[in-house]
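Undergrad: File final24.cif follows (mmCIF, C-alpha atoms):
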```cif
data_final
loop_
_atom_site.label_atom_id
_atom_site.label_comp_id
_atom_site.auth_asym_id
_atom_site.auth_seq_id
_atom_site.Cartn_x
_atom_site.Cartn_y
_atom_site.Cartn_z
CA MET A 1 -8.15 -22.90 26.61
CA ARG A 2 -6.93 -19.51 25.40
CA LEU A 3 -3.88 -19.53 23.13
CA THR A 4 -1.50 -16.63 23.51
CA PHE A 5 0.27 -14.91 20.65
CA SER A 6 3.68 -16.17 21.80
CA TYR A 7 2.41 -19.76 21.91
CA ILE A 8 1.06 -19.44 18.37
CA SER A 9 4.33 -17.83 17.22
CA CYS A 10 6.34 -20.68 18.78
CA MET A 11 4.12 -23.19 17.02
CA ALA A 12 4.69 -21.44 13.68
CA VAL A 13 8.47 -21.48 14.21
CA ALA A 14 8.38 -25.14 15.25
CA ALA A 15 6.30 -25.98 12.18
CA ALA A 16 8.79 -24.14 9.96
CA LEU A 17 11.70 -26.09 11.46
CA LEU A 18 9.98 -29.45 11.40
CA MET A 19 8.22 -28.99 8.06
CA PRO A 20 10.39 -27.03 5.60
CA GLN A 21 7.56 -27.01 3.07
CA TYR A 22 5.55 -24.90 5.56
CA ALA A 23 8.38 -22.35 5.71
CA HIS A 24 8.54 -22.27 1.91
CA ALA A 25 4.77 -21.79 1.67
CA GLN A 26 4.92 -18.95 4.23
CA SER A 27 7.78 -17.28 2.34
CA LEU A 28 5.92 -17.62 -0.95
CA ARG A 29 2.79 -16.19 0.67
CA GLU A 30 4.71 -13.12 1.87
CA GLU A 31 6.33 -12.61 -1.54
CA VAL A 32 2.93 -12.63 -3.21
CA LEU A 33 1.17 -10.57 -0.53
CA PHE A 34 3.72 -7.76 -0.54
CA SER A 35 4.13 -7.74 -4.33
CA VAL A 36 0.46 -6.72 -4.65
CA VAL A 37 0.13 -2.94 -4.83
CA GLN A 38 -2.83 -0.62 -4.57
CA ILE A 39 -3.19 1.81 -7.43
CA SER A 40 -5.20 4.96 -6.89
CA THR A 41 -6.02 7.17 -9.83
CA ILE A 42 -7.83 10.40 -10.60
CA ASP A 43 -9.08 10.90 -14.15
CA ALA A 44 -9.41 14.16 -16.08
CA THR A 45 -12.91 14.76 -14.65
CA GLY A 46 -11.67 14.42 -11.05
CA GLU A 47 -13.18 10.96 -10.51
CA GLY A 48 -11.09 8.67 -8.34
CA GLU A 49 -10.64 4.92 -8.67
CA ILE A 50 -8.76 2.27 -6.75
CA GLY A 51 -7.44 -0.94 -8.24
CA SER A 52 -4.69 -3.50 -7.85
CA GLY A 53 -1.48 -4.39 -9.55
CA SER A 54 1.52 -6.66 -9.02
CA THR A 55 5.18 -5.74 -9.03
CA ILE A 56 6.68 -7.98 -11.68
CA ARG A 57 10.28 -6.73 -11.97
CA ASN A 58 13.01 -5.69 -9.52
CA ASN A 59 12.88 -2.15 -10.94
CA GLY A 60 9.32 -1.75 -9.60
CA LEU A 61 7.45 -2.35 -12.87
CA VAL A 62 3.77 -2.99 -12.10
CA LEU A 63 1.35 -5.11 -14.11
CA THR A 64 -2.24 -3.93 -13.74
CA ASN A 65 -5.46 -3.70 -15.70
CA TYR A 66 -6.16 -1.23 -18.50
CA HIS A 67 -9.42 -0.19 -16.85
CA VAL A 68 -7.56 0.75 -13.64
CA VAL A 69 -5.23 3.36 -15.19
CA ILE A 70 -6.92 4.50 -18.41
CA GLY A 71 -9.65 7.15 -18.32
CA LYS A 72 -13.10 5.88 -19.33
CA GLU A 73 -13.94 9.01 -21.29
CA SER A 74 -10.54 9.94 -22.70
CA GLY A 75 -9.05 6.53 -23.45
CA GLU A 76 -5.74 8.03 -22.25
CA PRO A 77 -3.72 7.30 -19.10
CA ASN A 78 -5.19 9.06 -16.08
CA PRO A 79 -3.31 12.24 -15.11
CA VAL A 80 -2.87 11.09 -11.49
CA ILE A 81 -1.65 7.56 -10.79
CA ASN A 82 -0.29 6.66 -7.36
CA ILE A 83 1.32 3.35 -6.42
CA CYS A 84 0.78 2.29 -2.81
CA TYR A 85 2.83 -0.43 -1.13
CA SER A 86 1.96 -2.71 1.79
CA THR A 87 4.36 -3.43 4.59
CA SER A 88 1.90 -5.41 6.69
CA GLN A 89 -1.21 -7.39 5.96
CA PHE A 90 -2.85 -5.57 8.90
CA GLN A 91 -2.20 -1.99 7.75
CA ASN A 92 -3.38 0.03 4.78
CA PRO A 93 -0.86 0.45 1.99
CA ARG A 94 1.16 3.67 1.84
CA CYS A 95 1.29 5.63 -1.40
CA ALA A 96 4.99 6.06 -2.07
CA ALA A 97 5.26 6.79 -5.81
CA THR A 98 3.48 8.33 -8.72
CA GLY A 99 3.15 6.03 -11.69
CA LYS A 100 3.64 6.45 -15.41
CA VAL A 101 1.82 4.17 -17.86
CA ILE A 102 4.42 2.83 -20.28
CA ALA A 103 2.27 0.33 -22.21
CA TYR A 104 -1.36 -0.77 -22.39
CA ASN A 105 -3.69 -3.00 -24.34
CA LYS A 106 -7.44 -2.44 -24.17
CA GLU A 107 -8.39 -5.82 -25.69
CA PHE A 108 -6.45 -7.77 -23.05
CA ASP A 109 -7.29 -5.25 -20.27
CA LEU A 110 -3.61 -4.99 -19.33
CA ALA A 111 -1.27 -2.10 -18.59
CA LEU A 112 2.31 -1.63 -17.38
CA VAL A 113 3.04 1.15 -14.91
CA MET A 114 6.51 2.31 -13.88
CA PRO A 115 7.02 4.13 -10.57
CA ASP A 116 8.01 7.69 -11.45
CA LYS A 117 8.30 10.28 -8.67
CA LYS A 118 8.58 9.78 -4.92
CA ILE A 119 5.56 10.90 -2.90
CA GLY A 120 6.58 12.99 0.12
CA SER A 121 5.31 12.69 3.68
CA ASN A 122 2.75 15.41 2.84
CA GLY A 123 1.17 13.09 0.24
CA LYS A 124 2.33 15.17 -2.73
CA PRO A 125 4.75 14.16 -5.49
CA THR A 126 8.31 15.42 -5.14
CA ASN A 127 10.89 16.06 -7.85
CA ILE A 128 12.85 13.02 -6.66
CA ALA A 129 12.91 9.98 -8.95
CA PHE A 130 11.32 7.10 -7.06
CA ALA A 131 13.87 4.56 -8.34
CA ARG A 132 16.69 6.63 -6.86
CA ALA A 133 14.92 7.12 -3.52
CA TRP A 134 14.04 3.42 -3.30
CA LYS A 135 17.61 2.36 -4.08
CA GLN A 136 18.99 4.73 -1.43
CA SER A 137 16.59 3.26 1.13
CA GLY A 138 18.30 -0.12 0.70
CA ARG A 139 14.95 -1.89 0.37
CA ASN A 140 14.03 -4.40 -2.31
CA PHE A 141 10.77 -4.76 -4.16
CA TYR A 142 8.75 -7.87 -3.50
CA VAL A 143 8.21 -9.35 -6.93
CA THR A 144 5.34 -11.62 -7.85
CA PRO A 145 6.94 -15.04 -8.22
CA PHE A 146 5.93 -16.50 -11.57
CA ARG A 147 6.33 -20.02 -10.33
CA SER A 148 4.19 -22.43 -8.45
CA ALA A 149 4.88 -24.25 -5.23
CA TYR A 150 3.07 -27.17 -6.85
CA ASN A 151 5.38 -28.12 -9.71
CA ASN A 152 4.13 -25.34 -11.99
CA ALA A 153 0.65 -26.83 -12.06
CA LEU A 154 -2.05 -24.38 -13.05
CA PRO A 155 -5.19 -24.20 -10.92
CA GLN A 156 -7.90 -26.61 -11.96
CA ILE A 157 -11.68 -26.21 -11.78
CA LEU A 158 -12.83 -26.34 -8.14
CA ASP A 159 -9.29 -25.72 -6.79
CA ARG A 160 -9.20 -23.36 -3.84
CA ILE A 161 -7.40 -20.09 -4.56
CA THR A 162 -6.58 -16.97 -2.55
CA VAL A 163 -6.85 -13.53 -4.11
CA TRP A 164 -5.25 -10.40 -2.65
CA GLY A 165 -6.04 -6.99 -4.03
CA TYR A 166 -7.81 -3.70 -3.67
CA PRO A 167 -11.19 -3.75 -5.38
CA SER A 168 -12.91 -0.47 -6.04
CA VAL A 169 -16.23 -0.57 -4.22
#
```
What would you get if you wrote out this structure as structure tokens?

TA:
Amino acid sequence: MRLTFSYISCMAVAAALLMPQYAHAQSLREEVLFSVVQISTIDATGEGEIGSGSTIRNNGLVLTNYHVVIGKESGEPNPVINICYSTSQFQNPRCAATGKVIAYNKEFDLALVMPDKKIGSNGKPTNIAFARAWKQSGRNFYVTPFRSAYNNALPQILDRITVWGYPSV
């Protein structure tokens, strides 16, 4: 028996209506999925890297790793940092903003990046502040929810987890 897309969609809607916890889990999944951003960088030598980050504040602040945005040779923030957002789990993210490193810690391998300038349709940074452009668009950032659907329980050894991101390969 071949299931059609509409049948599967109807089943998902029925499950959401009959099992509210399913709807909550789906909503939480989307919040997490779309709060994950791709970060592409170019260091001072012209080497490119791709990594991941998570939007953690409504102003677009991104938490990422030190090694993603700091040059290996220089120990300074890479001169080119682009933040790319997903709008679908089936499409590649779109780079919409340049990023500016505002804090980092090498020992903890953490960095904070703030969206800076809007990237135009030609793929180049504009002089428009990204925060202003984003606000005018009327869209909201998906923010990583720092809560658990399971009564704030942390994962235990052998628990199944799902990881979304953009590894550099």

Undergrad: Exactly which residues make up the result of the PyMOL selection byres ((chain A and resi 55) around 8) on this file, given as a JSON list (two decimals) with C-alpha atoms, in the coordinates of the input?

TA:
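Result written to part-v6.json:
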```
[["chain", "number", "residue", "atom", "x", "y", "z"],
["A", 35, "SER", "CA", 4.13, -7.74, -4.33],
["A", 36, "VAL", "CA", 0.46, -6.72, -4.65],
["A", 37, "VAL", "CA", 0.13, -2.94, -4.83],
["A", 53, "GLY", "CA", -1.48, -4.39, -9.55],
["A", 54, "SER", "CA", 1.52, -6.66, -9.02],
["A", 56, "ILE", "CA", 6.68, -7.98, -11.68],
["A", 57, "ARG", "CA", 10.28, -6.73, -11.97],
["A", 58, "ASN", "CA", 13.01, -5.69, -9.52],
["A", 60, "GLY", "CA", 9.32, -1.75, -9.60],
["A", 61, "LEU", "CA", 7.45, -2.35, -12.87],
["A", 62, "VAL", "CA", 3.77, -2.99, -12.10],
["A", 63, "LEU", "CA", 1.35, -5.11, -14.11],
["A", 141, "PHE", "CA", 10.77, -4.76, -4.16],
["A", 142, "TYR", "CA", 8.75, -7.87, -3.50],
["A", 143, "VAL", "CA", 8.21, -9.35, -6.93],
["A", 144, "THR", "CA", 5.34, -11.62, -7.85]]
```

Undergrad: Within 12 Å of Gly71 (chain A), counting all atoms listed in the file, which residues show up once you throw out same-chain ones fewer than 2 positions away? Write them as a ChimeraX atom specification, please.

TA: /A:41-49,65-69,73-81,101,106

Undergrad: Step by step, work through what the PyMOL selection byres ((chain A and resi 82-86) around 7) selects in the shown file, and finish by giving those residues as a ChimeraX atom specification.

TA: /A:34,37-41,80-81,87-88,92-99

Undergrad: Go ahead and write the residues just picked, C-alpha atoms, as a compact mmCIF listing (two decimals), keeping the file's coordinate frame.

TA:
```txt
# COMPACT_ATOMS: atom_id res chain seq x y z
CA PHE A 34 3.72 -7.76 -0.54
CA VAL A 37 0.13 -2.94 -4.83
CA GLN A 38 -2.83 -0.62 -4.57
CA ILE A 39 -3.19 1.81 -7.43
CA SER A 40 -5.20 4.96 -6.89
CA THR A 41 -6.02 7.17 -9.83
CA VAL A 80 -2.87 11.09 -11.49
CA ILE A 81 -1.65 7.56 -10.79
CA THR A 87 4.36 -3.43 4.59
CA SER A 88 1.90 -5.41 6.69
CA ASN A 92 -3.38 0.03 4.78
CA PRO A 93 -0.86 0.45 1.99
CA ARG A 94 1.16 3.67 1.84
CA CYS A 95 1.29 5.63 -1.40
CA ALA A 96 4.99 6.06 -2.07
CA ALA A 97 5.26 6.79 -5.81
CA THR A 98 3.48 8.33 -8.72
CA GLY A 99 3.15 6.03 -11.69
```

Undergrad: Smallest atom-to-atom distance to Ala129 (chain A): which of A:Gly165, A:Asp116, A:Ile157, A:Ile50, using all atoms listed in the file?

TA: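 Closest candidate: A:Asp116.
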
Undergrad: Using CA of Met114 (chain A) and CA of Ile102 (chain A) as the two end points, give the distance in Å to one decimal.

TA: 6.8 Å

Undergrad: Work out how far CA of Gly120 (chain A) is from CA of Trp134 (chain A), in Å to one decimal.

TA: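 Rounded to one decimal, the two atoms are 12.6 Å apart.
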